[in-house]
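Engineer: Following this line is final.cif, made up of mmCIF, C-alpha atoms:
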```cif
data_query
loop_
_atom_site.label_atom_id
_atom_site.label_comp_id
_atom_site.auth_asym_id
_atom_site.auth_seq_id
_atom_site.Cartn_x
_atom_site.Cartn_y
_atom_site.Cartn_z
CA MET A 22 32.51 -16.96 170.37
CA ALA A 23 34.69 -16.22 167.32
CA GLY A 24 33.65 -13.41 165.02
CA ARG A 25 35.04 -10.87 162.61
CA SER A 26 35.67 -7.14 162.75
CA ASP A 27 37.02 -4.60 160.30
CA ASP A 28 40.47 -5.24 161.76
CA GLY A 29 40.37 -9.06 161.64
CA PRO A 30 38.97 -12.03 163.59
CA VAL A 31 38.04 -11.48 167.22
CA ALA A 32 37.17 -13.63 170.23
CA ALA A 33 34.51 -12.48 172.67
CA LEU A 34 32.64 -13.67 175.74
CA VAL A 35 28.92 -14.10 175.09
CA GLU A 36 26.31 -14.59 177.82
CA THR A 37 24.06 -17.47 176.85
CA ASP A 38 20.94 -15.89 178.31
CA GLN A 39 21.07 -12.75 176.18
CA PRO A 40 18.79 -12.12 173.15
CA GLY A 41 19.92 -13.72 169.93
CA VAL A 42 21.68 -16.69 171.56
CA HIS A 43 19.95 -20.04 171.17
CA LEU A 44 20.93 -23.33 172.82
CA GLU A 45 19.85 -26.79 171.72
CA PRO A 46 20.90 -29.41 174.30
CA VAL A 47 22.53 -32.57 172.96
CA THR A 48 21.24 -35.68 174.73
CA ASP A 49 21.86 -39.44 174.66
CA GLN A 50 25.29 -39.15 173.09
CA LEU A 51 27.85 -41.93 173.37
CA GLY A 52 29.80 -40.48 176.28
CA MET A 53 30.20 -37.39 178.44
CA ARG A 54 26.46 -37.32 178.99
CA GLY A 55 26.83 -35.08 182.04
CA ALA A 56 28.84 -32.41 180.21
CA ARG A 57 25.77 -30.33 179.23
CA ILE A 58 26.89 -30.17 175.59
CA ALA A 59 24.69 -28.08 173.31
CA HIS A 60 24.48 -26.65 169.82
CA LEU A 61 24.81 -22.85 169.83
CA THR A 62 23.37 -20.53 167.21
CA PHE A 63 23.59 -16.75 167.08
CA ASP A 64 20.92 -14.56 165.51
CA ALA A 65 21.95 -10.90 165.56
CA ALA A 66 23.36 -11.37 169.05
CA ARG A 67 25.03 -8.26 170.41
CA MET A 68 27.51 -7.79 173.22
CA PRO A 69 29.33 -4.89 174.84
CA ALA A 70 32.75 -3.98 173.48
CA GLU A 71 34.41 -4.87 176.79
CA ASN A 72 33.53 -8.54 176.14
CA ILE A 73 36.09 -8.68 173.34
CA ILE A 74 39.21 -10.58 174.36
CA ALA A 75 42.44 -8.79 173.43
CA ARG A 76 43.01 -7.01 170.12
CA PRO A 77 41.61 -8.35 166.82
CA GLY A 78 43.55 -11.37 165.64
CA PHE A 79 45.44 -11.97 168.86
CA GLY A 80 42.49 -12.88 171.04
CA LEU A 81 41.22 -15.67 168.80
CA SER A 82 44.58 -17.39 168.31
CA HIS A 83 45.54 -16.98 171.97
CA VAL A 84 42.26 -18.28 173.34
CA LEU A 85 42.18 -21.27 171.01
CA ALA A 86 45.79 -22.25 171.67
CA THR A 87 45.51 -21.76 175.43
CA ALA A 88 42.17 -23.56 175.70
CA LEU A 89 43.40 -26.50 173.62
CA ASP A 90 46.60 -26.88 175.63
CA HIS A 91 44.80 -26.59 178.96
CA GLY A 92 42.09 -28.98 177.78
CA ARG A 93 44.64 -31.61 176.84
CA TYR A 94 46.30 -31.31 180.23
CA THR A 95 43.09 -31.68 182.24
CA ILE A 96 41.88 -34.54 180.06
CA ALA A 97 45.18 -36.33 180.58
CA TRP A 98 44.76 -36.34 184.35
CA GLY A 99 41.05 -37.11 184.08
CA CYS A 100 41.69 -40.12 181.86
CA THR A 101 44.37 -41.35 184.25
CA GLY A 102 41.81 -41.22 187.05
CA MET A 103 39.25 -43.05 184.92
CA ALA A 104 41.75 -45.78 184.10
CA ARG A 105 42.74 -46.18 187.75
CA ALA A 106 39.09 -46.38 188.84
CA CYS A 107 38.39 -49.08 186.25
CA LEU A 108 41.43 -51.04 187.42
CA THR A 109 40.25 -50.76 191.03
CA ASP A 110 36.75 -51.97 190.20
CA ALA A 111 37.98 -54.82 188.02
CA ALA A 112 40.50 -56.00 190.62
CA ALA A 113 37.92 -55.92 193.42
CA HIS A 114 35.41 -57.87 191.33
CA ALA A 115 38.02 -60.42 190.24
CA HIS A 116 39.14 -60.88 193.83
CA ASP A 117 35.64 -61.50 195.21
CA ARG A 118 33.73 -63.08 192.34
CA ILE A 119 33.50 -66.88 192.41
CA GLN A 120 32.20 -68.89 189.49
CA SER A 121 32.07 -72.70 189.56
CA ASP A 122 34.01 -72.67 192.84
CA VAL A 123 36.87 -70.71 191.21
CA ARG A 124 37.72 -67.07 191.82
CA LEU A 125 37.97 -64.94 188.70
CA ALA A 126 41.36 -63.78 189.96
CA ASP A 127 42.65 -67.36 189.77
CA HIS A 128 42.33 -67.35 185.97
CA GLN A 129 45.60 -66.43 184.29
CA SER A 130 43.86 -64.44 181.58
CA VAL A 131 42.16 -62.23 184.17
CA ARG A 132 45.42 -61.62 186.02
CA ALA A 133 47.07 -60.74 182.71
CA MET A 134 44.39 -58.15 181.94
CA LEU A 135 44.79 -56.60 185.38
CA GLY A 136 48.55 -56.48 184.93
CA ARG A 137 48.29 -54.76 181.55
CA SER A 138 45.92 -52.20 182.99
CA TRP A 139 48.26 -51.50 185.90
CA VAL A 140 51.13 -50.81 183.49
CA ASP A 141 48.92 -48.57 181.35
CA VAL A 142 47.84 -46.55 184.40
CA ALA A 143 51.39 -46.22 185.72
CA ALA A 144 52.72 -45.09 182.33
CA ALA A 145 49.94 -42.53 181.87
CA GLU A 146 50.47 -41.13 185.34
CA ALA A 147 54.23 -40.83 184.77
CA LEU A 148 53.66 -38.85 181.57
CA CYS A 149 51.13 -36.62 183.35
CA VAL A 150 53.67 -35.91 186.10
CA ARG A 151 56.28 -35.12 183.43
CA ALA A 152 53.88 -32.74 181.71
CA ALA A 153 53.02 -31.09 185.02
CA SER A 154 56.70 -30.54 185.79
CA ASP A 155 57.43 -29.14 182.33
CA ARG A 156 54.46 -26.78 182.55
CA ASP A 157 55.42 -25.63 186.04
CA GLU A 158 58.99 -24.96 184.94
CA ARG A 159 57.80 -23.35 181.67
CA GLU A 160 59.93 -25.72 179.64
CA PRO A 161 59.76 -25.24 175.84
CA ILE A 162 58.79 -28.90 175.46
CA ALA A 163 55.78 -28.57 177.79
CA GLN A 164 53.25 -28.40 174.98
CA LEU A 165 54.57 -31.61 173.46
CA THR A 166 54.75 -33.54 176.73
CA THR A 167 51.16 -32.43 177.40
CA ILE A 168 50.13 -33.91 174.04
CA ALA A 169 51.96 -37.13 174.91
CA ALA A 170 50.30 -37.31 178.33
CA LYS A 171 46.83 -36.80 176.88
CA TYR A 172 47.47 -39.37 174.16
CA ALA A 173 48.75 -42.03 176.55
CA ALA A 174 46.14 -41.37 179.24
CA ALA A 175 43.22 -41.52 176.78
CA ALA A 176 44.58 -44.82 175.45
CA ALA A 177 44.96 -46.12 179.01
CA ALA A 178 41.39 -45.14 179.88
CA SER A 179 40.08 -46.85 176.77
CA ALA A 180 42.04 -50.07 177.37
CA ALA A 181 41.49 -50.26 181.13
CA SER A 182 37.76 -49.58 180.86
CA GLU A 183 37.34 -52.19 178.12
CA ARG A 184 39.12 -54.77 180.26
CA ALA A 185 37.10 -53.77 183.31
CA VAL A 186 33.80 -54.24 181.49
CA GLN A 187 35.03 -57.62 180.24
CA ILE A 188 35.98 -58.75 183.76
CA LEU A 189 32.83 -57.36 185.36
CA GLY A 190 30.67 -59.03 182.75
CA ALA A 191 26.96 -58.32 183.13
CA ALA A 192 27.66 -55.96 186.03
CA GLY A 193 29.88 -53.84 183.78
CA CYS A 194 27.07 -53.52 181.24
CA ALA A 195 24.42 -52.57 183.80
CA PRO A 196 23.02 -49.02 183.82
CA GLY A 197 24.94 -46.76 186.15
CA ASN A 198 28.07 -48.90 186.32
CA ARG A 199 31.07 -46.57 186.25
CA ALA A 200 33.30 -48.92 184.27
CA GLY A 201 30.67 -48.99 181.55
CA ARG A 202 30.30 -45.23 181.72
CA PHE A 203 34.05 -44.71 181.50
CA TYR A 204 34.18 -47.16 178.58
CA ARG A 205 31.89 -44.81 176.65
CA ASP A 206 33.60 -41.66 177.89
CA ALA A 207 37.08 -42.93 176.99
CA LYS A 208 36.26 -43.06 173.30
CA ILE A 209 35.24 -39.40 173.43
CA MET A 210 38.53 -38.58 175.14
CA GLN A 211 40.45 -40.07 172.21
CA ILE A 212 38.73 -37.59 169.90
CA ILE A 213 38.34 -34.25 171.68
CA GLU A 214 41.13 -31.68 172.16
CA GLY A 215 43.00 -33.22 169.22
CA ALA A 216 42.25 -36.73 167.98
CA ARG A 217 44.80 -39.45 168.66
CA GLU A 218 45.82 -39.42 164.99
CA VAL A 219 46.66 -35.71 165.26
CA ALA A 220 48.70 -36.38 168.39
CA GLU A 221 50.61 -39.13 166.60
CA GLN A 222 51.47 -36.71 163.80
CA ASP A 223 52.68 -34.07 166.26
CA LEU A 224 54.77 -36.56 168.22
CA GLY A 225 56.19 -38.12 165.07
CA GLU A 226 57.18 -34.72 163.73
CA PHE A 227 58.99 -33.98 167.00
CA VAL A 228 60.88 -37.28 166.79
CA LEU A 229 62.01 -36.50 163.22
CA ARG A 230 63.07 -32.97 164.14
CA SER A 231 65.07 -34.34 167.05
CA ALA A 232 66.70 -36.95 164.80
CA GLY A 233 67.60 -34.28 162.25
CA ALA A 234 69.09 -32.04 164.92
CA SER A 235 71.14 -34.94 166.30
CA ARG A 236 72.49 -35.83 162.86
CA ALA A 237 73.37 -32.21 162.16
CA ALA A 238 75.20 -31.94 165.48
CA SER A 239 77.10 -35.17 164.78
CA ALA A 240 78.10 -33.92 161.33
CA VAL A 241 79.40 -30.65 162.78
CA ALA A 242 81.35 -32.54 165.44
CA ALA A 243 82.83 -34.89 162.83
CA GLY A 244 83.89 -31.92 160.68
CA ARG A 245 85.96 -30.54 163.48
#
```
Reformat the file's structure so that it appears as structure tokens.

Structural biologist:
Amino acid sequence: MAGRSDDGPVAALVETDQPGVHLEPVTDQLGMRGARIAHLTFDAARMPAENIIARPGFGLSHVLATALDHGRYTIAWGCTGMARACLTDAAAHAHDRIQSDVRLADHQSVRAMLGRSWVDVAAAEALCVRAASDRDEREPIAQLTTIAAKYAAAAAASAASERAVQILGAAGCAPGNRAGRFYRDAKIMQIIEGAREVAEQDLGEFVLRSAGASRAASAVAAGR
């Protein structure tokens, strides 16, 4: 929970079963239906002083920045797994499904969709591995490569799940089908922990800064 004190904003841990804390479960949303999402309201809720995280001001900014960065990283890997699962299901169905004496896999359009999904999955996984390496080595660029990984993986999950539902047909639209579930979840992943448009702005700004630094370095070298 974020709150205020005489010395500035503070972040604190609040037990949800204590007096003054009210939860209203959110049900039947588009995706992430198993995430136990709820609306929280506080009515004169009190907590012990030891539940405050760090000093006023620092705790709030640190928690938000850390949680957002960690959330992007875990979502990136999760979306990569979703995309790979959708590719696996779509490929298995295309391989086995026969319509009018012709396997789905024998249609060029189906093979093309599977190929695009494979490339999307491979690219997302490569960016996730890059982000993991940068984070492990504490590279300054780690935050940016994490943003790139989350952006690419969420896009891969969205594209691969859409193709999987298309290939699976009625089976992909049936209740409980994981391709259909991931199709809904993938849209949520493109919004939470920084929408894709925000990621594009961050990545674009990095590209421009890099271009400016390169031009400045070239100018200095030419002046010598």

Engineer: Specify as number ranges by chain each residue included when the PyMOL selection byres ((chain A and resi 139) around 12) is applied to this file.

Structural biologist: A: 101, 104-109, 111-112, 132-138, 140-146, 177-178, 180-182, 184-185

Engineer: Of the candidates A:Ala175, A:Leu148, A:Val42, A:Cys100, which shows the shortest atom-to-atom distance to Ala66 (chain A), using only C-alpha atoms?

Structural biologist: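 Of all the options, A:Val42 lies closest to Ala66 (chain A).
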
Engineer: Tell me, in Å to one decimal, how far CA of Leu44 (chain A) is from CA of Ala97 (chain A).

Structural biologist: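 Between CA of Leu44 (chain A) and CA of Ala97 (chain A) the gap works out to 28.6 Å.
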
Engineer: Taking only C-alpha atoms into account, name the residue in A:Ile58, A:Ala173, A:Ala147, A:Ala220 that is nearest to Glu45 (chain A).

Structural biologist: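 Checking each candidate against Glu45 (chain A), we get A:Ile58 as the closest.
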
Engineer: Can you measure CA of Met53 (chain A) to CA of Ile96 (chain A) for me? One decimal in Å is fine.

Structural biologist: 12.1 Å

Engineer: List the residues selected by the PyMOL selection byres ((chain A and resi 40) around 12) in the file shown, writing them as a list in words.

Structural biologist: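 For this structure, the PyMOL selection byres ((chain A and resi 40) around 12) captures Val35, Glu36, Thr37, Asp38, Gln39, Gly41, Val42, His43, Leu44, Thr62, Phe63, Asp64, Ala65, Ala66, Arg67 and Met68 of chain A.
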
Engineer: Have a look at CA of Val131 (chain A) and CA of Arg118 (chain A) and let me know their distance in Å, one decimal.

Structural biologist: 11.8 Å

Engineer: Measuring atom to atom with all atoms listed in the file, identify which of A:Asn72, A:Gln211, A:Gln50, A:Ser231 is nearest to Ile162 (chain A).

Structural biologist: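 Under the stated criterion, the closest residue is A:Ser231.
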
Engineer: Closest to Leu165 (chain A) among A:Leu224, A:Val219, A:Ala33, A:Ala207, using all atoms listed in the file?

Structural biologist: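 Comparing A:Leu224, A:Val219, A:Ala33, A:Ala207 against Leu165 (chain A), the winner is A:Leu224.
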
Engineer: Starting from the shown file, work through the PyMOL selection byres ((chain A and resi 203) around 8) and note down what comes out as a list in words.

Structural biologist: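 So the PyMOL selection byres ((chain A and resi 203) around 8), applied here, picks out Gly52, Met103, Cys107, Ala178, Ser179, Ser182, Arg199, Ala200, Gly201, Arg202, Tyr204, Arg205, Asp206 and Ala207 of chain A.
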
Engineer: Got a sec to check which residues sit within 9 Å of (36.5, -59.2, 190.0), counting only C-alpha atoms, and write them as a list in words?

Structural biologist: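 Residues with an atom at most 9 Å from (36.5, -59.2, 190.0): Asp110, Ala111, Ala112, Ala113, His114, Ala115, His116, Asp117, Arg118, Ile119, Arg124, Leu125, Ala126, Val131, Ala185, Ile188 and Leu189 of chain A.
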
Engineer: Rank A:Val123, A:Ala163, A:Cys194, A:Leu89 by their smallest atom-to-atom distance to Ala216 (chain A), using all atoms listed in the file, and report the top residue only.

Structural biologist: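 Among A:Val123, A:Ala163, A:Cys194, A:Leu89, it is A:Leu89 that comes nearest to Ala216 (chain A).
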
Engineer: Pick the closest to Ile212 (chain A) from A:His91, A:Arg151, A:Lys171, A:Arg159: which is it, counting only C-alpha atoms?

Structural biologist: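 For Ile212 (chain A), the nearest of the given residues is A:Lys171.
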
Engineer: Output region 192-203 of chain A with all heavy atoms present, as an mmCIF file, keeping the file's coordinate frame.

Structural biologist:
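Output contents, as saved in out20.cif:
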```
data_model
loop_
_atom_site.group_PDB
_atom_site.id
_atom_site.type_symbol
_atom_site.label_atom_id
_atom_site.label_comp_id
_atom_site.auth_asym_id
_atom_site.auth_seq_id
_atom_site.Cartn_x
_atom_site.Cartn_y
_atom_site.Cartn_z
ATOM 1 N N ALA A 192 27.645 -57.118 185.129
ATOM 2 C CA ALA A 192 27.660 -55.960 186.030
ATOM 3 C C ALA A 192 28.256 -54.738 185.331
ATOM 4 O O ALA A 192 27.818 -53.604 185.537
ATOM 5 C CB ALA A 192 28.464 -56.279 187.286
ATOM 6 N N GLY A 193 29.262 -54.951 184.487
ATOM 7 C CA GLY A 193 29.880 -53.840 183.780
ATOM 8 C C GLY A 193 28.986 -53.234 182.719
ATOM 9 O O GLY A 193 29.188 -52.091 182.317
ATOM 10 N N CYS A 194 28.001 -54.009 182.260
ATOM 11 C CA CYS A 194 27.070 -53.520 181.240
ATOM 12 C C CYS A 194 25.795 -52.940 181.840
ATOM 13 O O CYS A 194 24.948 -52.411 181.106
ATOM 14 C CB CYS A 194 26.688 -54.666 180.294
ATOM 15 S SG CYS A 194 28.084 -55.396 179.423
ATOM 16 N N ALA A 195 25.641 -53.035 183.148
ATOM 17 C CA ALA A 195 24.420 -52.570 183.800
ATOM 18 C C ALA A 195 24.350 -51.046 183.815
ATOM 19 O O ALA A 195 25.393 -50.371 183.867
ATOM 20 C CB ALA A 195 24.360 -53.096 185.231
ATOM 21 N N PRO A 196 23.152 -50.468 183.751
ATOM 22 C CA PRO A 196 23.020 -49.020 183.820
ATOM 23 C C PRO A 196 23.621 -48.467 185.108
ATOM 24 O O PRO A 196 23.440 -49.030 186.184
ATOM 25 C CB PRO A 196 21.492 -48.805 183.791
ATOM 26 C CG PRO A 196 20.949 -50.041 183.145
ATOM 27 C CD PRO A 196 21.856 -51.151 183.593
ATOM 28 N N GLY A 197 24.375 -47.392 184.982
ATOM 29 C CA GLY A 197 24.940 -46.760 186.150
ATOM 30 C C GLY A 197 26.295 -47.290 186.573
ATOM 31 O O GLY A 197 26.936 -46.714 187.463
ATOM 32 N N ASN A 198 26.766 -48.382 185.959
ATOM 33 C CA ASN A 198 28.070 -48.900 186.320
ATOM 34 C C ASN A 198 29.156 -47.959 185.805
ATOM 35 O O ASN A 198 29.156 -47.583 184.639
ATOM 36 C CB ASN A 198 28.268 -50.292 185.734
ATOM 37 C CG ASN A 198 29.603 -50.898 186.113
ATOM 38 O OD1 ASN A 198 30.589 -50.703 185.422
ATOM 39 N ND2 ASN A 198 29.635 -51.620 187.228
ATOM 40 N N ARG A 199 30.103 -47.597 186.674
ATOM 41 C CA ARG A 199 31.070 -46.570 186.250
ATOM 42 C C ARG A 199 32.087 -47.105 185.243
ATOM 43 O O ARG A 199 32.573 -46.336 184.402
ATOM 44 C CB ARG A 199 31.759 -45.948 187.447
ATOM 45 C CG ARG A 199 32.770 -46.780 188.193
ATOM 46 C CD ARG A 199 33.473 -45.907 189.225
ATOM 47 N NE ARG A 199 34.458 -46.652 189.999
ATOM 48 C CZ ARG A 199 35.282 -46.074 190.883
ATOM 49 N NH1 ARG A 199 35.198 -44.776 191.096
ATOM 50 N NH2 ARG A 199 36.157 -46.798 191.552
ATOM 51 N N ALA A 200 32.394 -48.381 185.278
ATOM 52 C CA ALA A 200 33.300 -48.920 184.270
ATOM 53 C C ALA A 200 32.670 -48.815 182.879
ATOM 54 O O ALA A 200 33.333 -48.449 181.909
ATOM 55 C CB ALA A 200 33.656 -50.373 184.588
ATOM 56 N N GLY A 201 31.377 -49.132 182.810
ATOM 57 C CA GLY A 201 30.670 -48.990 181.550
ATOM 58 C C GLY A 201 30.591 -47.547 181.096
ATOM 59 O O GLY A 201 30.727 -47.234 179.902
ATOM 60 N N ARG A 202 30.360 -46.663 182.056
ATOM 61 C CA ARG A 202 30.300 -45.230 181.720
ATOM 62 C C ARG A 202 31.648 -44.732 181.231
ATOM 63 O O ARG A 202 31.727 -44.003 180.238
ATOM 64 C CB ARG A 202 29.852 -44.432 182.946
ATOM 65 C CG ARG A 202 29.683 -42.933 182.650
ATOM 66 C CD ARG A 202 29.095 -42.201 183.829
ATOM 67 N NE ARG A 202 30.045 -41.983 184.901
ATOM 68 C CZ ARG A 202 30.031 -42.619 186.073
ATOM 69 N NH1 ARG A 202 29.114 -43.543 186.308
ATOM 70 N NH2 ARG A 202 30.922 -42.345 187.005
ATOM 71 N N PHE A 203 32.717 -45.137 181.913
ATOM 72 C CA PHE A 203 34.050 -44.710 181.500
ATOM 73 C C PHE A 203 34.436 -45.325 180.156
ATOM 74 O O PHE A 203 35.223 -44.739 179.403
ATOM 75 C CB PHE A 203 35.077 -45.072 182.565
ATOM 76 C CG PHE A 203 34.973 -44.239 183.820
ATOM 77 C CD1 PHE A 203 35.530 -44.683 185.013
ATOM 78 C CD2 PHE A 203 34.308 -43.016 183.810
ATOM 79 C CE1 PHE A 203 35.447 -43.917 186.167
ATOM 80 C CE2 PHE A 203 34.212 -42.246 184.960
ATOM 81 C CZ PHE A 203 34.782 -42.691 186.143
#
```
